[in-house]
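Student: Handing you this structure, nothing more for now.
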Amino acid sequence: MASVYSSTGFDFSNELRNNFMAEKGLPLPKATSTGTTIVGCLFKDGIVLGADTRATEGPIVADKNCEKIHYITESIRCCGAGTAADTEFTTALISSNMELHALSTGRKPRVVTAMTMLKQMLFRYQGHVGAALVLGGVDATGPHLFTIHPHGSTDKLPYVTMGSGSLAAMAVFESGWRANMEREDALNLVKAAISAGIFNDLGSGSNIDACIITASHTEMLRNVEMPNMRVQKERKYAFRRGTTAWKTENVRDLVVNEQITFVGGDAMDTT
Amino acid sequence: MIGDQQRKVMSEQEEKGQTSRAVLSTVLVARDSILVTTCHTRSSYAFTPSTTTTMEPSYRIVPGNQTKSASIQGTANSLGLHDTLRHGPRSLAAEVQTEGGLKGRLENWEATQDNAKLTLRRNIYGMHAPMRLLMERKIVSQTSPFVSAMSPSNLHLDILMGRDETIEPADIFLGMENGPSLDIHEQLRK
């Protein structure tokens with residue numbers, strides 16, 4: 001290698017051409033945001049994370065039931081809003097690095113470690129990696145909940161929302177959150193917040209996912225509520241027998257010609 | 001044969017009274033190949049040590065705005081010109097106008113942070129501290145050109161640079177197109 005530093009891993013050879021085309025009036029296609037509602041909430045024993053399950057591609061729903069709560073470590077999960085590929089890849093990379101770090105230190109991984117890795121990586125890319133994340137988990141120091149914005153800024157709060165439906169969900173949180181809630185109350189609050197995002201925001205929809213993280217146990221509730229199930233069709237649209245009359249009937253015999261040959265005697269001379 | 005021609009050229013230039021410090025290039029035609037030699041080239045097959053661009057000591061953590069420059073360092077072929085066959089056509093005017101914001105930032109990121117740490121060590125412990133680290137890195141990164149085709153990983157260098165227990169996008173994304181070139185002739189020529 002010509003240099004001791006590792007390369008960036010990205011290829012900028014098209015940059016000249018893209019700048020030239022942008023100058024001539026043909027702008028770069030914008031990576032569309034997924035449109036999401038993701039929330040996180042602190043309760044008595046730990047953290048509840050919630051997310052909707054719709055992934056959009058412009059005005060079209062690309063995935064009706066996608067998973068937005070990503071695995072970082074056993075007790076740490078991360079919800080991702082923004083460009084879907086960016087959130088998935090970033091969380092997968094940080095998950096691998098956290099595992100290596102835990103093996104190297106020999107301790108249970110901490111939420112602040114994941115937060116620092118994420119924010120340093122996102123800051124390096126100056127916001128071009130469009131990943132807005134809600135990171136929550138329980139470690140040896142207790143439960144923690146963070147948000148990480150695409151440019152690398154972070155917040156540590158007891159309840160957070162991100163994505164295009166964040167305002168609707170935050171309205172529910174602001175009126176309903178109390179400190180030291182019970183598990184059932186916290187789960188109902190998160191479900192109500194995500195429902196507010198699903199019904200009032202075009203970019204969010206389909207079902208509700210939740211994840212409850214406590215010091216001893218992590219419970220992933222996939223599709224805990226499905227408020228948008230497809231209803232059964234009211235009428236049957238099959239044609240009844242006798243709608244059209246028979247015109248002709250032609251039964252074709254599969255056997256065209258039959259010839260029986262007895263193969264009993266010695267055809268071959270075996271002396 | 002090359003030595004003879006070089007000595008002839010040297011004697012000619014000494015007759016003309018030109019000093020050997022001046023960078024003159026003489027083109028010699030030797031059978032099939034065309035070599036460009038400067039008057040103070042001796043052997044062309046020594047292992048070149050890692051060419052690191054030296055940065056001045058600073059506490060900067062993030063790469064600043066890069067001064068725009070267009071050079072043919074990376075794409076030059078053996079004739080000293082831009083290698084159109086390998087890297088495509090090129091326009092220096094367009095390049096100077098292109099804003100290299102993200103590209104420059106990403107490419108200089110590690111170097112800038114490393115520089116900050118080395119500067120800190122220099123100001124706390126003295127000149128020897130960064131010098132020893134750089135010396136170790138240089139020793140470890142001097143490899144033969146034949147190793148890059150088989151396995152381009154340098155474990156010692158990774159340990160010294162502190163990235164032996166992390167995974168970076170470079171580890172995942174670099175494929176055959178962007179990775180180190182398999183051309184041994186090119187590497188020997190450098």
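Just so we're on the same page: first chain in the structure tokens is A, next is B, and so on; residues restart at 1 for each chain, and ligands are numbered from 1 in the order they show up.
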Pick out the chain A residues within 9 Å of chain B. Count only C-alpha atoms. Give them as a list in words.
Tutor: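 So the residues of chain A near chain B are Met1, Ala2, Ser3, Val4, Tyr5, Ser6, Ser7, Thr8, Gly9, Phe10, Asp11, Phe12, Glu15, Leu16, Asn19, Phe20, Leu93, Ile94, Ser96, Asn97, Met98, Leu100, His101, Ser104, Arg124, Tyr125, Gln126 and His128 of chain A.
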Student: Neighbours of A:Asn207 within 12 Å (only C-alpha atoms; same-chain residues fewer than 2 positions away dropped), as number ranges by chain?
Tutor: A: 36-37, 50-55, 63-68, 191, 194-195, 197-199, 204-205, 209-210, 221-230
Student: Which residues are close to stretch 132-144 of chain A, i.e. within 6 Å by only C-alpha atoms, leaving aside same-chain residues fewer than 4 positions away? Reply as an NGL selection string.
Tutor: :A and (46 or 75-82 or 110 or 148-150 or 215)
Student: Got time to write the residues from that selection, C-alpha atoms, as a PDB file, in the first residue's frame?
Tutor:
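Saved the output as out_3.pdb:
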ATOM      1  CA  GLY A  46     -35.962  -0.364  31.151  1.00  0.00           C
ATOM      2  CA  SER A  75     -29.565  -5.715  25.267  1.00  0.00           C
ATOM      3  CA  ILE A  76     -29.232  -2.823  22.824  1.00  0.00           C
ATOM      4  CA  ARG A  77     -31.528  -2.141  19.888  1.00  0.00           C
ATOM      5  CA  CYS A  78     -31.681   0.685  17.394  1.00  0.00           C
ATOM      6  CA  CYS A  79     -34.652   1.989  15.407  1.00  0.00           C
ATOM      7  CA  GLY A  80     -33.755   3.581  12.099  1.00  0.00           C
ATOM      8  CA  ALA A  81     -35.452   6.328  10.089  1.00  0.00           C
ATOM      9  CA  GLY A  82     -34.212   7.950   6.904  1.00  0.00           C
ATOM     10  CA  ARG A 110     -22.600  -0.258  26.856  1.00  0.00           C
ATOM     11  CA  ILE A 148     -28.690  10.340  16.697  1.00  0.00           C
ATOM     12  CA  HIS A 149     -29.339  12.734  13.814  1.00  0.00           C
ATOM     13  CA  PRO A 150     -27.830  12.253  10.328  1.00  0.00           C
ATOM     14  CA  ALA A 215     -31.837  -5.652  32.521  1.00  0.00           C
TER      15      ALA A 215
END
Student: So that I can check the surroundings of A:Lys156, please list as a list in words every protein, DNA and RNA residue that reaches within 9 Å of it, counting only C-alpha atoms and ignoring chain neighbours fewer than 4 positions away.
Tutor: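 Non-adjacent residues within range: His144, Leu145, Phe146, Thr147 and Val160 of chain A.
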Student: Go ahead and save the picked residues with all heavy atoms, as a tab-separated table (two decimals), in the first residue's frame.
Tutor:
chain	number	residue	atom	x	y	z
A	144	HIS	N	-30.58	3.40	29.01
A	144	HIS	CA	-30.26	4.67	28.35
A	144	HIS	C	-31.00	4.76	27.05
A	144	HIS	O	-31.21	3.75	26.37
A	144	HIS	CB	-28.75	4.76	28.07
A	144	HIS	CG	-27.91	4.68	29.29
A	144	HIS	ND1	-27.73	5.74	30.13
A	144	HIS	CD2	-27.20	3.65	29.81
A	144	HIS	CE1	-26.94	5.37	31.11
A	144	HIS	NE2	-26.61	4.11	30.95
A	145	LEU	N	-31.36	5.98	26.67
A	145	LEU	CA	-32.09	6.21	25.42
A	145	LEU	C	-31.48	7.41	24.73
A	145	LEU	O	-31.36	8.49	25.32
A	145	LEU	CB	-33.56	6.46	25.74
A	145	LEU	CG	-34.54	6.54	24.59
A	145	LEU	CD1	-34.55	5.26	23.80
A	145	LEU	CD2	-35.92	6.83	25.12
A	146	PHE	N	-31.06	7.25	23.47
A	146	PHE	CA	-30.42	8.34	22.73
A	146	PHE	C	-31.08	8.50	21.38
A	146	PHE	O	-31.60	7.55	20.81
A	146	PHE	CB	-28.94	8.03	22.46
A	146	PHE	CG	-28.11	7.89	23.69
A	146	PHE	CD1	-27.76	6.64	24.16
A	146	PHE	CD2	-27.65	8.99	24.37
A	146	PHE	CE1	-26.98	6.49	25.29
A	146	PHE	CE2	-26.88	8.85	25.50
A	146	PHE	CZ	-26.54	7.61	25.96
A	147	THR	N	-31.01	9.73	20.84
A	147	THR	CA	-31.30	9.89	19.41
A	147	THR	C	-30.02	10.35	18.73
A	147	THR	O	-29.22	11.05	19.32
A	147	THR	CB	-32.35	10.97	19.13
A	147	THR	OG1	-31.82	12.23	19.56
A	147	THR	CG2	-33.63	10.72	19.82
A	160	VAL	N	-38.28	9.84	23.16
A	160	VAL	CA	-37.84	10.45	21.89
A	160	VAL	C	-38.67	9.92	20.74
A	160	VAL	O	-39.18	8.80	20.79
A	160	VAL	CB	-36.36	10.13	21.60
A	160	VAL	CG1	-35.46	10.82	22.56
A	160	VAL	CG2	-36.12	8.65	21.61
Student: As a PDB file with C-alpha atoms, in the first residue's frame, please: the residues near A:Asp45 (cut-off 8 Å, only C-alpha atoms, same-chain neighbours under 2 positions excluded).
Tutor:
ATOM      1  CA  PHE A  43     -40.068   3.143  31.977  1.00  0.00           C
ATOM      2  CA  ILE A  47     -36.723   0.848  27.649  1.00  0.00           C
ATOM      3  CA  GLU A 182     -45.292   0.233  34.544  1.00  0.00           C
ATOM      4  CA  ARG A 183     -44.593  -2.085  31.639  1.00  0.00           C
ATOM      5  CA  THR A 214     -34.965  -4.794  30.577  1.00  0.00           C
ATOM      6  CA  ALA A 215     -31.837  -5.652  32.521  1.00  0.00           C
TER       7      ALA A 215
END
